Amino acid sequence: MSVLVDRGTRVVVQGITGHQGTVHTRQMREFGTQVVAGVTPGKGGTRVEEVPVFDSVRDAVSATGANASCIFVPAPFAKDALLEAVDAGIRLAVIVTEHIPFHDMLVMYHYARERGTRIIGPNCPGIASPGGSKVGIIPNVVFRPGRVGVISRSGTLTYEIVNGIKEHGLGQSTCIGLGGDPVVGTSFVDALPLFESDPDTDLLVLVGEIGGTAEEEAAEYIRRSFSKPVVAYIAGRSAPPGKRMGHAGAIISRGKGTADSKVAALEGAGARVARFPYEVPLMVAELAAARVRA
Amino acid sequence: MSVLVDRGTRVVVQGITGHQGTVHTRQMREFGTQVVAGVTPGKGGTRVEEVPVFDSVRDAVSATGANASCIFVPAPFAKDALLEAVDAGIRLAVIVTEHIPFHDMLVMYHYARERGTRIIGPNCPGIASPGGSKVGIIPNVVFRPGRVGVISRSGTLTYEIVNGIKEHGLGQSTCIGLGGDPVVGTSFVDALPLFESDPDTDLLVLVGEIGGTAEEEAAEYIRRSFSKPVVAYIAGRSAPPGKRMGHAGAIISRGKGTADSKVAALEGAGARVARFPYEVPLMVAELAAARVRA
Amino acid sequence: MVKLPEWRGKDVFRKYGLPTPKGQVVKSADEVEGAIRSGAVPLPCVVKAQVLAGGRGKGGAVRFANTVEEARAATTAILGLEFKGERVREVLLEEKLSIGRELYLALALDRTARQPILMTSSSGGVEIESVADDAIDRQPIHPFPGLVAYQRRRAARSLRLDGDLAKQLDRLLGSLWKAWEGEDAELVEINPLGVVGDRLVALDAKVIVEDDAAFRHPEYAEVRDDRTPLEEIAREEEIAFVQLDGTIGVIANGAGLTMATLDVLKELGGDPGVFLDLGGTDDPKKVAQAFLLMAKAKPRAVFLNIFGGVTRCDTVAKGLIEAREAIPEGERFPLVARIRGNREKEGVELLRGAGVTSVPDLRASAEAVIAAAGARR
Amino acid sequence: MVKLPEWRGKDVFRKYGLPTPKGQVVKSADEVEGAIRSGAVPLPCVVKAQVLAGGRGKGGAVRFANTVEEARAATTAILGLEFKGERVREVLLEEKLSIGRELYLALALDRTARQPILMTSSSGGVEIESVADDAIDRQPIHPFPGLVAYQRRRAARSLRLDGDLAKQLDRLLGSLWKAWEGEDAELVEINPLGVVGDRLVALDAKVIVEDDAAFRHPEYAEVRDDRTPLEEIAREEEIAFVQLDGTIGVIANGAGLTMATLDVLKELGGDPGVFLDLGGTDDPKKVAQAFLLMAKAKPRAVFLNIFGGVTRCDTVAKGLIEAREAIPEGERFPLVARIRGNREKEGVELLRGAGVTSVPDLRASAEAVIAAAGARR
């Protein structure tokens, strides 16, 4: 088992004919993902990386049984792409696109949620379960099947940490990059219960960053309802207030969203919080070893 | 047991200080309904028929634990009243108000449904379960506890038929007046499963009328999934096309919505369809007697 | 239903940026020359009767004109018509366009889904009822995000429009949606939507505004509809009132009961002529008003069928007694009453005092009123 | 973030029908007389520096004037100020109103609920952070129906407004919601909202438009923000770039990794001075552009920390090599590189050819760059 994706996941790539869409379709297929369709309006009937392209998600779903979507559509059109996916019955939508206005995302989030479609992202690297399926853009090379779950607001930093886990001889159950925007479809507290109930996950790595209170809410959830060991890292300890640090969501504003507050909350909830990113794999390895001994 | 309402139903009356609101608060209380609160903005702190009045539904719910609302608010303000009830956590909203624009009702319907609040109405007499609770305006005198379920698009015609059932020595489990508008919160197909699974209902009376295809859809549902005997009556056999017959929803347009089509569908589904309204109680009595013998 | 005449529907279209032909409405032939000379109506032009019924083309209610004189003559001819029972009072003069394909486009209500539905068909220009079901594409629109881009793309595909025409359709659908919402429409229909060279043009316009939203649209207060004069009065007095062909007037309370009463009369061989639903009221004056209105419809007999709830039996009896005195000698009618339910005893008592006996059995009372009305006309 | 200056925020308010004081913005004292004589600014008036920082009142950046001469003098004085590091370039002259109560009103984003949130407090006129939590009423607004009537009533109760003032608030909140949506705002704040006799007036205006919606708002393209000149260039070149106080420039890919790199430097005793997130790119030119921008910030040393994914290691190496040649002599800097991940081998090879050694261990490479930057300033 894994979280949200598995070998049965059938992916339609929205925006498949764009450069990113094409490159990552190839990489998803190399990972082992069943990419069954692509969509680009006006390009129906063509093929990209052997994958048939359709004019609409509805056509793609009815022809191929796609049940998940990976969205690369440019920001001004991403809202429409997501609504189309939801209306076509897609249950999992990974939105890689960055710079989507949060006003659009508010509409997308509520529309999807009220119809039972889960959004991951936007502005995210997606989700991958080694040996299973990947929907998104996380490099294939960092993975190795294993029992460590990872949830993160970052992209590259996640690759770095996931790779570190691999280099320490361990592997991942499922890794989810939630995205760096202020409004995301799936937050830590939405993802935590999935890992809690996943029998393939023994321990969890949580990578947070400054801005908002998602980590504080995660800490509260962990304290009350999460039974597996957690190793956390928070990026942005040195960031000044009032500045957006790359991610639209990474900003300390009006005194809220500091790294200190997040670290304190997570430690209070019993998580081990690393000071340096390279400590994360070490802590994971330690906990995994303890688990084996126990 | 009963359908949707019972002794645990705690009603807030929105628009309680209006004439209708006050009159029907009294009658609901006489029926045995727990009317726990009223709402009229600006009248908070007063009392109507011994019931405390609040400025907002939120205040009413937090003070009294109301879980159902009966809405008498005038049409231009009904949408707001319903949204307020939904946001305050009300799970059942009976909207008595007539002449609500269906454009407003589209918003109300989807907003409520997506949050798990059931709407009955608008332009409806409401729901009553004799010996249990009544939310709405059906006259108390027509009822008597029993095992006949009633669902109807009409108001007065329903009273007439329900009264006839009483005069034939039988009684009702639950009676729902769905309302005469083109867009209603609960339709026949929404209500039928509730009666199917209600152990207190032995047989069902369905009172339809011209306009729309709700009866045809009900027939399809009955044919496939409804196991109890059904007696039906359709009003408007003599109505000409293109004319609204009192109810906003009662109109034959573009060849759709005729009584003939509805009668044929219901008969095809195994329902007994009465030619005259006064035949309905007779048919019910016959079926009830057959059931007792069986 | 507030059915807007074509010219007014096109005014609505222009308000929301939908493309329409150049044109002007006139009420007399004398206005024709000015309309053409001013440039408002280019020649050659189409001259169209402004009536609500369909099938104008075949019925001689649409004509063509190449000159001012021809336009004037066509207008005179059409203004003299009575089209399907409706007198023509207004004529729309419009530029005559060279039409390529004729498409169909409409937003209507899907009662079952509780959603607006976008209907598109490349078989436009004919009555939509005559188009095969699978030649019409239907897309439900969720009221919250509204008509979104992917749905507009699908509409373009279903109409086989691409390139710039697809872009025009995209904008046009945006406007159509705004018109649907802004006007509280129950139908917005463009049939046909013409492909005129490289442009899309709404050649006809059907806009029906829902009655219950009238309070938001005072601008339509005086729109003439296909109501009879008495129905118009009833509307102003907020009485649900429909004139039919028969001889027996029915006054009942509640739409369902009133319909059922008409049905019973018909089934028993009677000939119902007026549907009057008192609705819920506890004001005898309102009841009296209804009786006075009924009198004006000159029924041969009237059946009063009340099941008292919100409307109490004694209220109805008081209203009836009040009305009886006010009805002019020549408009009086035989009455059969059946009043039951809330305050039945008081109501029956009051009626008896006024010389009216309430017959509690529906069938018996219906038969009595049929007898009172006499043979069918 | 596009933070609008007060006068521009008030222009937005007026566009949506929100009540504001009469006033005019000036850029020189010479414009003052005209503004007053024309009636645009009644006397007595308030003279306010148009800066983004708060606390203007205490800081001498708000003054009062009873005559043209006083207004001119106040304008001259304020235009000479440097307020919290920001030079005053514009001054807003406004009618001086007799203010009763001062209220607080704002729409902001609640990230957790993924909803806008309406905040109201009867303790307006002070920084909202200083107001007790329970003195602020918070209502989440669902984006679909928007800010509805019952929520506006609750806001009126929380602000203790009734009668006509409550009606004014109802309309005002309708406008505020339209401004929130129409301007793609991340904050719309009125602090204070003044009760002026029997009127509500927005005495200040804070409107922040979200960056990602800039494509829908070309009208704000030239709005001056609190970015440094280099940050402004970076914005135009679409590079995530933040100037800090320290000496070490960091170029990394991905916001999280870049932040983490800064953190590592700081933890190890270094002093990061520039945050530069390359983002995802496979264009060496884009990488070169980033290095050239970094050079302009004059760091004592630069740390290149790449984990290759979408951005490949060889692309970064090529960009670096391209940039090195283009950087002017005086702007060159010592570089420590750590490149890992996608095409690591190729990238390391290329760098070695250019005389740069990639240190794969994060801690070791961080310590190397700290050493290269020398002691803290």
# chains A, B, ... in the order shown; residues from 1 in each chain; ligands from 1
call {"tool": "residues_around", "arguments": {"residues": "Leu278 (chain D)", "least_positions_apart": "3", "cutoff": "9 Å", "atoms": "only C-alpha atoms", "output": "list in words"}}
result
Ile239, Ala240, Phe241, Ile251, Ala252, Asn253, Gly254, Ala255, Thr258, Thr281, Lys286, Val287, Ala290 and Thr311 of chain D
call {"tool": "residues_around", "arguments": {"residues": "Lys43 (chain A)", "least_positions_apart": "2", "cutoff": "12 Å", "atoms": "only C-alpha atoms", "output": "PDB file with C-alpha atoms, in the first residue's frame"}}
result
ATOM      1  CA  GLN A  14      -2.952  18.520 -18.777  1.00  0.00           C
ATOM      2  CA  GLY A  15      -0.679  20.689 -20.887  1.00  0.00           C
ATOM      3  CA  ILE A  16       1.204  17.661 -22.223  1.00  0.00           C
ATOM      4  CA  THR A  17       2.340  19.369 -25.402  1.00  0.00           C
ATOM      5  CA  GLY A  18       4.254  22.071 -23.515  1.00  0.00           C
ATOM      6  CA  GLY A  38      -2.628  13.987 -22.359  1.00  0.00           C
ATOM      7  CA  VAL A  39      -4.838  16.995 -22.933  1.00  0.00           C
ATOM      8  CA  THR A  40      -4.161  20.110 -24.950  1.00  0.00           C
ATOM      9  CA  PRO A  41      -7.169  21.840 -26.520  1.00  0.00           C
ATOM     10  CA  GLY A  45      -5.612  13.105 -32.007  1.00  0.00           C
ATOM     11  CA  THR A  46      -1.845  13.612 -31.764  1.00  0.00           C
ATOM     12  CA  ARG A  47       0.605  11.708 -29.544  1.00  0.00           C
ATOM     13  CA  VAL A  48       3.314  12.812 -27.122  1.00  0.00           C
ATOM     14  CA  PRO A  52      -2.600   9.861 -26.889  1.00  0.00           C
ATOM     15  CA  VAL A  53      -3.593  13.521 -26.687  1.00  0.00           C
ATOM     16  CA  PHE A  54      -7.213  14.672 -26.360  1.00  0.00           C
ATOM     17  CA  ASP A  55      -9.011  17.988 -26.695  1.00  0.00           C
ATOM     18  CA  SER A  56     -10.702  17.726 -23.316  1.00  0.00           C
TER      19      SER A  56
END
call {"tool": "closest_atom_pairs", "arguments": {"of": "chain A", "to": "chain C", "cutoff": "10 Å", "atoms": "only C-alpha atoms", "output": "CSV"}}
result
residue,atom,partner,partner_atom,distance
A:Pro41,CA,C:Arg153,CA,8.0
A:Gly42,CA,C:Asp162,CA,9.2
A:Asp55,CA,C:Arg154,CA,8.8
A:Ser56,CA,C:Tyr150,CA,7.7
A:Val57,CA,C:Tyr150,CA,9.3
A:Arg58,CA,C:Arg154,CA,10.0
A:Phe77,CA,C:Ala149,CA,8.7
A:Lys79,CA,C:Val148,CA,9.4
A:Asp80,CA,C:Ala149,CA,6.1
A:Ala81,CA,C:Tyr150,CA,7.4
A:Leu82,CA,C:Tyr150,CA,9.9
A:Leu83,CA,C:Val148,CA,8.2
A:Glu84,CA,C:Tyr150,CA,6.3
A:Ala85,CA,C:Tyr150,CA,9.9
A:Asp87,CA,C:His142,CA,9.8
A:Val107,CA,C:Pro145,CA,7.6
A:Met108,CA,C:Pro145,CA,9.2
A:Tyr111,CA,C:Pro145,CA,8.2
call {"tool": "write_last_selection", "arguments": {"atoms": "all heavy atoms", "output": "CSV table (one decimal), in the first residue's frame"}}
result
chain,number,residue,atom,x,y,z
A,41,PRO,N,-6.1,21.5,-25.6
A,41,PRO,CA,-7.2,21.8,-26.5
A,41,PRO,C,-6.6,22.2,-27.9
A,41,PRO,O,-5.6,22.9,-28.1
A,41,PRO,CB,-7.8,23.1,-25.9
A,41,PRO,CG,-7.4,23.0,-24.4
A,41,PRO,CD,-6.1,22.3,-24.4
A,42,GLY,N,-7.2,21.6,-28.9
A,42,GLY,CA,-6.8,21.8,-30.3
A,42,GLY,C,-5.8,20.8,-30.8
A,42,GLY,O,-5.5,20.8,-32.0
A,55,ASP,N,-8.6,16.6,-26.8
A,55,ASP,CA,-9.0,18.0,-26.7
A,55,ASP,C,-9.6,18.4,-25.3
A,55,ASP,O,-9.6,19.6,-25.0
A,55,ASP,CB,-10.1,18.3,-27.8
A,55,ASP,CG,-9.5,18.5,-29.1
A,55,ASP,OD1,-8.3,19.0,-29.2
A,55,ASP,OD2,-10.1,18.1,-30.1
A,56,SER,N,-10.1,17.4,-24.6
A,56,SER,CA,-10.7,17.7,-23.3
A,56,SER,C,-10.4,16.6,-22.3
A,56,SER,O,-10.2,15.4,-22.7
A,56,SER,CB,-12.2,17.9,-23.5
A,56,SER,OG,-12.8,16.7,-23.7
A,57,VAL,N,-10.5,16.9,-21.1
A,57,VAL,CA,-10.3,15.9,-20.0
A,57,VAL,C,-11.4,14.9,-20.1
A,57,VAL,O,-11.2,13.7,-19.9
A,57,VAL,CB,-10.2,16.5,-18.6
A,57,VAL,CG1,-9.9,15.5,-17.6
A,57,VAL,CG2,-9.1,17.6,-18.6
A,58,ARG,N,-12.6,15.3,-20.4
A,58,ARG,CA,-13.7,14.4,-20.5
A,58,ARG,C,-13.5,13.4,-21.5
A,58,ARG,O,-13.7,12.2,-21.3
A,58,ARG,CB,-15.0,15.3,-20.9
A,58,ARG,CG,-16.3,14.5,-20.9
A,58,ARG,CD,-17.4,15.6,-20.9
A,58,ARG,NE,-18.7,15.1,-21.2
A,58,ARG,CZ,-19.3,15.1,-22.4
A,58,ARG,NH1,-18.6,15.6,-23.4
A,58,ARG,NH2,-20.5,14.6,-22.5
A,77,PHE,N,-4.5,30.0,-17.0
A,77,PHE,CA,-5.5,29.0,-17.4
A,77,PHE,C,-5.6,27.8,-16.5
A,77,PHE,O,-6.4,26.9,-16.7
A,77,PHE,CB,-5.1,28.5,-18.8
A,77,PHE,CG,-4.7,29.7,-19.7
A,77,PHE,CD1,-3.4,29.8,-20.1
A,77,PHE,CD2,-5.7,30.6,-20.2
A,77,PHE,CE1,-3.0,30.9,-21.0
A,77,PHE,CE2,-5.3,31.6,-21.0
A,77,PHE,CZ,-4.0,31.8,-21.4
A,79,LYS,N,-6.9,27.6,-13.5
A,79,LYS,CA,-8.2,27.4,-12.8
A,79,LYS,C,-9.1,26.6,-13.7
A,79,LYS,O,-9.7,25.7,-13.2
A,79,LYS,CB,-8.7,28.8,-12.4
A,79,LYS,CG,-10.1,28.7,-11.8
A,79,LYS,CD,-10.6,30.1,-11.3
A,79,LYS,CE,-11.9,30.5,-12.0
A,79,LYS,NZ,-12.3,31.8,-11.7
A,80,ASP,N,-9.2,27.0,-14.9
A,80,ASP,CA,-10.1,26.3,-15.8
A,80,ASP,C,-9.7,24.9,-16.0
A,80,ASP,O,-10.6,24.0,-16.0
A,80,ASP,CB,-10.0,27.0,-17.2
A,80,ASP,CG,-11.0,26.4,-18.2
A,80,ASP,OD1,-12.2,26.4,-17.9
A,80,ASP,OD2,-10.5,25.8,-19.2
A,81,ALA,N,-8.4,24.6,-16.1
A,81,ALA,CA,-7.9,23.2,-16.2
A,81,ALA,C,-8.4,22.4,-15.0
A,81,ALA,O,-8.8,21.2,-15.2
A,81,ALA,CB,-6.4,23.2,-16.4
A,82,LEU,N,-8.3,22.9,-13.9
A,82,LEU,CA,-8.6,22.2,-12.7
A,82,LEU,C,-10.1,21.9,-12.6
A,82,LEU,O,-10.6,20.8,-12.4
A,82,LEU,CB,-8.2,22.9,-11.4
A,82,LEU,CG,-8.4,22.3,-10.0
A,82,LEU,CD1,-9.7,22.6,-9.5
A,82,LEU,CD2,-8.1,20.8,-10.0
A,83,LEU,N,-10.9,22.9,-12.9
A,83,LEU,CA,-12.4,22.8,-12.9
A,83,LEU,C,-12.8,21.7,-13.9
A,83,LEU,O,-13.6,20.9,-13.7
A,83,LEU,CB,-13.1,24.1,-13.2
A,83,LEU,CG,-12.9,25.3,-12.3
A,83,LEU,CD1,-13.6,26.5,-12.8
A,83,LEU,CD2,-13.4,24.9,-10.9
A,84,GLU,N,-12.1,21.7,-15.1
A,84,GLU,CA,-12.4,20.7,-16.1
A,84,GLU,C,-12.1,19.3,-15.6
A,84,GLU,O,-12.9,18.4,-15.8
A,84,GLU,CB,-11.6,21.0,-17.4
A,84,GLU,CG,-11.8,20.0,-18.5
A,84,GLU,CD,-11.1,20.3,-19.8
A,84,GLU,OE1,-10.3,21.3,-19.8
A,84,GLU,OE2,-11.3,19.6,-20.7
A,85,ALA,N,-10.9,19.2,-14.9
A,85,ALA,CA,-10.6,17.9,-14.4
A,85,ALA,C,-11.6,17.4,-13.4
A,85,ALA,O,-12.0,16.2,-13.4
A,85,ALA,CB,-9.2,18.0,-13.7
A,87,ASP,N,-14.8,18.3,-13.0
A,87,ASP,CA,-16.0,18.0,-13.7
A,87,ASP,C,-16.0,16.7,-14.5
A,87,ASP,O,-17.0,16.0,-14.7
A,87,ASP,CB,-16.5,19.1,-14.6
A,87,ASP,CG,-17.0,20.3,-13.8
A,87,ASP,OD1,-17.2,20.2,-12.6
A,87,ASP,OD2,-17.1,21.4,-14.4
A,107,VAL,N,-11.1,29.5,-5.3
A,107,VAL,CA,-12.2,28.9,-6.1
A,107,VAL,C,-11.9,27.4,-6.4
A,107,VAL,O,-12.8,26.5,-6.2
A,107,VAL,CB,-12.5,29.7,-7.4
A,107,VAL,CG1,-13.5,29.0,-8.3
A,107,VAL,CG2,-13.0,31.1,-7.0
A,108,MET,N,-10.7,27.2,-6.8
A,108,MET,CA,-10.4,25.8,-7.2
A,108,MET,C,-10.5,24.9,-6.0
A,108,MET,O,-11.0,23.8,-6.1
A,108,MET,CB,-8.9,25.8,-7.7
A,108,MET,CG,-8.7,26.5,-9.0
A,108,MET,SD,-7.0,27.1,-9.3
A,108,MET,CE,-6.2,25.6,-9.7
A,111,TYR,N,-14.2,24.3,-4.9
A,111,TYR,CA,-14.9,23.6,-5.9
A,111,TYR,C,-14.5,22.1,-5.9
A,111,TYR,O,-15.3,21.2,-6.0
A,111,TYR,CB,-14.6,24.2,-7.3
A,111,TYR,CG,-15.6,23.6,-8.4
A,111,TYR,CD1,-16.9,24.2,-8.5
A,111,TYR,CD2,-15.2,22.6,-9.3
A,111,TYR,CE1,-17.7,23.7,-9.5
A,111,TYR,CE2,-16.1,22.2,-10.2
A,111,TYR,CZ,-17.3,22.7,-10.3
A,111,TYR,OH,-18.2,22.2,-11.3
call {"tool": "atom_distance", "arguments": {"atom1": "CA of Val88 (chain D)", "atom2": "CA of Thr75 (chain D)"}}
result
10.3 Å
call {"tool": "interface_residues", "arguments": {"of": "chain A", "to": "chain B", "cutoff": "12 Å", "atoms": "only C-alpha atoms", "output": "ChimeraX atom specification"}}
result
/A:110-116
call {"tool": "write_last_selection", "arguments": {"atoms": "N, CA, C and O atoms", "output": "tab-separated table (two decimals), in the first residue's frame"}}
result
chain	number	residue	atom	x	y	z
A	110	HIS	N	-12.21	25.08	-3.12
A	110	HIS	CA	-13.55	24.77	-2.62
A	110	HIS	C	-14.34	23.97	-3.65
A	110	HIS	O	-15.08	23.05	-3.29
A	111	TYR	N	-14.18	24.30	-4.92
A	111	TYR	CA	-14.90	23.55	-5.95
A	111	TYR	C	-14.49	22.07	-5.91
A	111	TYR	O	-15.33	21.18	-5.95
A	112	ALA	N	-13.19	21.84	-5.83
A	112	ALA	CA	-12.69	20.46	-5.83
A	112	ALA	C	-13.11	19.72	-4.56
A	112	ALA	O	-13.61	18.60	-4.60
A	113	ARG	N	-12.94	20.37	-3.44
A	113	ARG	CA	-13.22	19.71	-2.18
A	113	ARG	C	-14.68	19.31	-2.07
A	113	ARG	O	-15.02	18.21	-1.62
A	114	GLU	N	-15.56	20.22	-2.52
A	114	GLU	CA	-16.99	19.94	-2.40
A	114	GLU	C	-17.42	18.81	-3.34
A	114	GLU	O	-18.52	18.28	-3.21
A	115	ARG	N	-16.56	18.45	-4.27
A	115	ARG	CA	-16.86	17.33	-5.17
A	115	ARG	C	-15.96	16.12	-4.92
A	115	ARG	O	-15.94	15.19	-5.72
A	116	GLY	N	-15.20	16.16	-3.85
A	116	GLY	CA	-14.41	15.00	-3.48
A	116	GLY	C	-13.13	14.81	-4.28
A	116	GLY	O	-12.57	13.72	-4.29
call {"tool": "residues_around", "arguments": {"residues": "region 120-133 of chain B", "least_positions_apart": "6", "cutoff": "8 Å", "atoms": "only C-alpha atoms", "output": "JSON, numbers by chain"}}
result
{"B": [2, 3, 5, 6, 7, 9, 28, 31, 32, 33, 34, 92, 93, 94, 95, 96, 97, 98, 99, 100, 143, 144, 145, 146, 153, 154, 155, 172, 173, 174, 175, 176, 177, 178, 179, 180, 181, 184, 185, 186]}
call {"tool": "write_last_selection", "arguments": {"atoms": "N, CA and C atoms", "output": "compact mmCIF listing (two decimals), in the first residue's frame"}}
result
# COMPACT_ATOMS: atom_id res chain seq x y z
N SER B 2 -39.00 7.87 12.30
CA SER B 2 -39.75 8.64 11.31
C SER B 2 -38.72 9.18 10.33
N VAL B 3 -39.17 9.99 9.42
CA VAL B 3 -38.27 10.49 8.39
C VAL B 3 -37.89 11.95 8.69
N VAL B 5 -37.54 14.17 10.76
CA VAL B 5 -37.84 14.87 12.02
C VAL B 5 -38.30 13.88 13.08
N ASP B 6 -38.03 14.20 14.32
CA ASP B 6 -38.54 13.38 15.43
C ASP B 6 -38.56 14.24 16.69
N ARG B 7 -38.75 13.62 17.82
CA ARG B 7 -38.86 14.40 19.06
C ARG B 7 -37.57 15.15 19.38
N THR B 9 -35.87 16.84 17.23
CA THR B 9 -35.72 17.99 16.34
C THR B 9 -35.93 19.29 17.13
N MET B 28 -46.94 24.87 15.67
CA MET B 28 -45.90 23.84 15.80
C MET B 28 -45.79 23.38 17.24
N PHE B 31 -48.49 21.15 18.14
CA PHE B 31 -48.29 19.82 17.54
C PHE B 31 -47.36 18.96 18.41
N GLY B 32 -46.50 19.67 19.17
CA GLY B 32 -45.55 18.94 20.01
C GLY B 32 -44.10 19.21 19.61
N THR B 33 -43.92 20.06 18.60
CA THR B 33 -42.57 20.38 18.14
C THR B 33 -41.82 21.18 19.19
N GLN B 34 -40.54 20.86 19.35
CA GLN B 34 -39.68 21.68 20.21
C GLN B 34 -39.23 22.90 19.44
N LEU B 92 -31.33 20.76 8.73
CA LEU B 92 -32.60 20.63 8.01
C LEU B 92 -33.25 22.01 7.96
N ALA B 93 -33.50 22.51 6.74
CA ALA B 93 -34.12 23.83 6.60
C ALA B 93 -35.40 23.68 5.79
N VAL B 94 -36.51 24.01 6.42
CA VAL B 94 -37.80 23.99 5.73
C VAL B 94 -38.12 25.43 5.33
N ILE B 95 -38.21 25.65 4.03
CA ILE B 95 -38.45 27.02 3.55
C ILE B 95 -39.90 27.14 3.10
N VAL B 96 -40.69 27.86 3.88
CA VAL B 96 -42.11 28.03 3.59
C VAL B 96 -42.31 29.15 2.56
N THR B 97 -41.46 30.14 2.62
CA THR B 97 -41.54 31.31 1.73
C THR B 97 -41.82 30.93 0.28
N GLU B 98 -42.76 31.67 -0.34
CA GLU B 98 -42.96 31.45 -1.78
C GLU B 98 -42.41 32.62 -2.58
N HIS B 99 -42.35 32.44 -3.89
CA HIS B 99 -41.87 33.47 -4.82
C HIS B 99 -40.38 33.78 -4.67
N ILE B 100 -39.60 32.83 -4.23
CA ILE B 100 -38.14 33.02 -4.24
C ILE B 100 -37.66 32.81 -5.68
N PHE B 143 -53.77 15.25 10.94
CA PHE B 143 -52.87 14.13 11.22
C PHE B 143 -53.41 13.15 12.27
N ARG B 144 -52.86 11.97 12.14
CA ARG B 144 -53.09 10.94 13.14
C ARG B 144 -51.93 9.96 13.00
N PRO B 145 -51.30 9.54 14.07
CA PRO B 145 -50.14 8.65 13.93
C PRO B 145 -50.52 7.38 13.18
N GLY B 146 -49.67 6.92 12.32
CA GLY B 146 -49.96 5.72 11.55
C GLY B 146 -48.78 5.31 10.70
N ARG B 153 -46.06 17.46 -4.00
CA ARG B 153 -45.63 18.79 -4.47
C ARG B 153 -46.65 19.85 -4.09
N SER B 154 -47.80 19.42 -3.57
CA SER B 154 -48.88 20.37 -3.30
C SER B 154 -48.93 20.73 -1.82
N GLY B 155 -49.77 21.74 -1.50
CA GLY B 155 -50.01 22.11 -0.12
C GLY B 155 -51.39 21.62 0.28
N GLN B 172 -50.62 8.59 9.53
CA GLN B 172 -49.42 8.84 8.74
C GLN B 172 -48.16 8.62 9.57
N SER B 173 -47.12 8.13 8.90
CA SER B 173 -45.80 8.04 9.54
C SER B 173 -45.14 9.41 9.44
N THR B 174 -44.83 9.83 8.22
CA THR B 174 -44.29 11.16 7.99
C THR B 174 -44.92 11.69 6.70
N CYS B 175 -45.17 12.99 6.68
CA CYS B 175 -45.72 13.63 5.49
C CYS B 175 -44.80 14.78 5.10
N ILE B 176 -44.34 14.78 3.85
CA ILE B 176 -43.46 15.86 3.40
C ILE B 176 -44.10 16.59 2.23
N GLY B 177 -44.27 17.89 2.36
CA GLY B 177 -44.68 18.73 1.24
C GLY B 177 -43.42 19.32 0.61
N LEU B 178 -43.13 18.89 -0.61
CA LEU B 178 -41.84 19.24 -1.23
C LEU B 178 -41.82 20.65 -1.78
N GLY B 179 -43.00 21.20 -2.06
CA GLY B 179 -43.05 22.55 -2.60
C GLY B 179 -43.32 22.58 -4.09
N GLY B 180 -43.91 23.68 -4.54
CA GLY B 180 -44.40 23.77 -5.91
C GLY B 180 -43.50 24.53 -6.85
N ASP B 181 -42.25 24.77 -6.48
CA ASP B 181 -41.37 25.56 -7.34
C ASP B 181 -40.59 24.68 -8.32
N VAL B 184 -36.53 22.69 -6.24
CA VAL B 184 -36.79 22.39 -4.83
C VAL B 184 -35.58 21.67 -4.23
N GLY B 185 -35.43 21.85 -2.94
CA GLY B 185 -34.28 21.26 -2.25
C GLY B 185 -34.36 19.75 -2.18
N THR B 186 -35.56 19.24 -1.97
CA THR B 186 -35.77 17.80 -1.88
C THR B 186 -36.84 17.41 -2.89
call {"tool": "closest_residue", "arguments": {"among": "C:Asp314, C:Glu95, C:Glu186, C:Glu127", "to": "Gln115 (chain C)", "atoms": "only C-alpha atoms"}}
result
C:Glu186
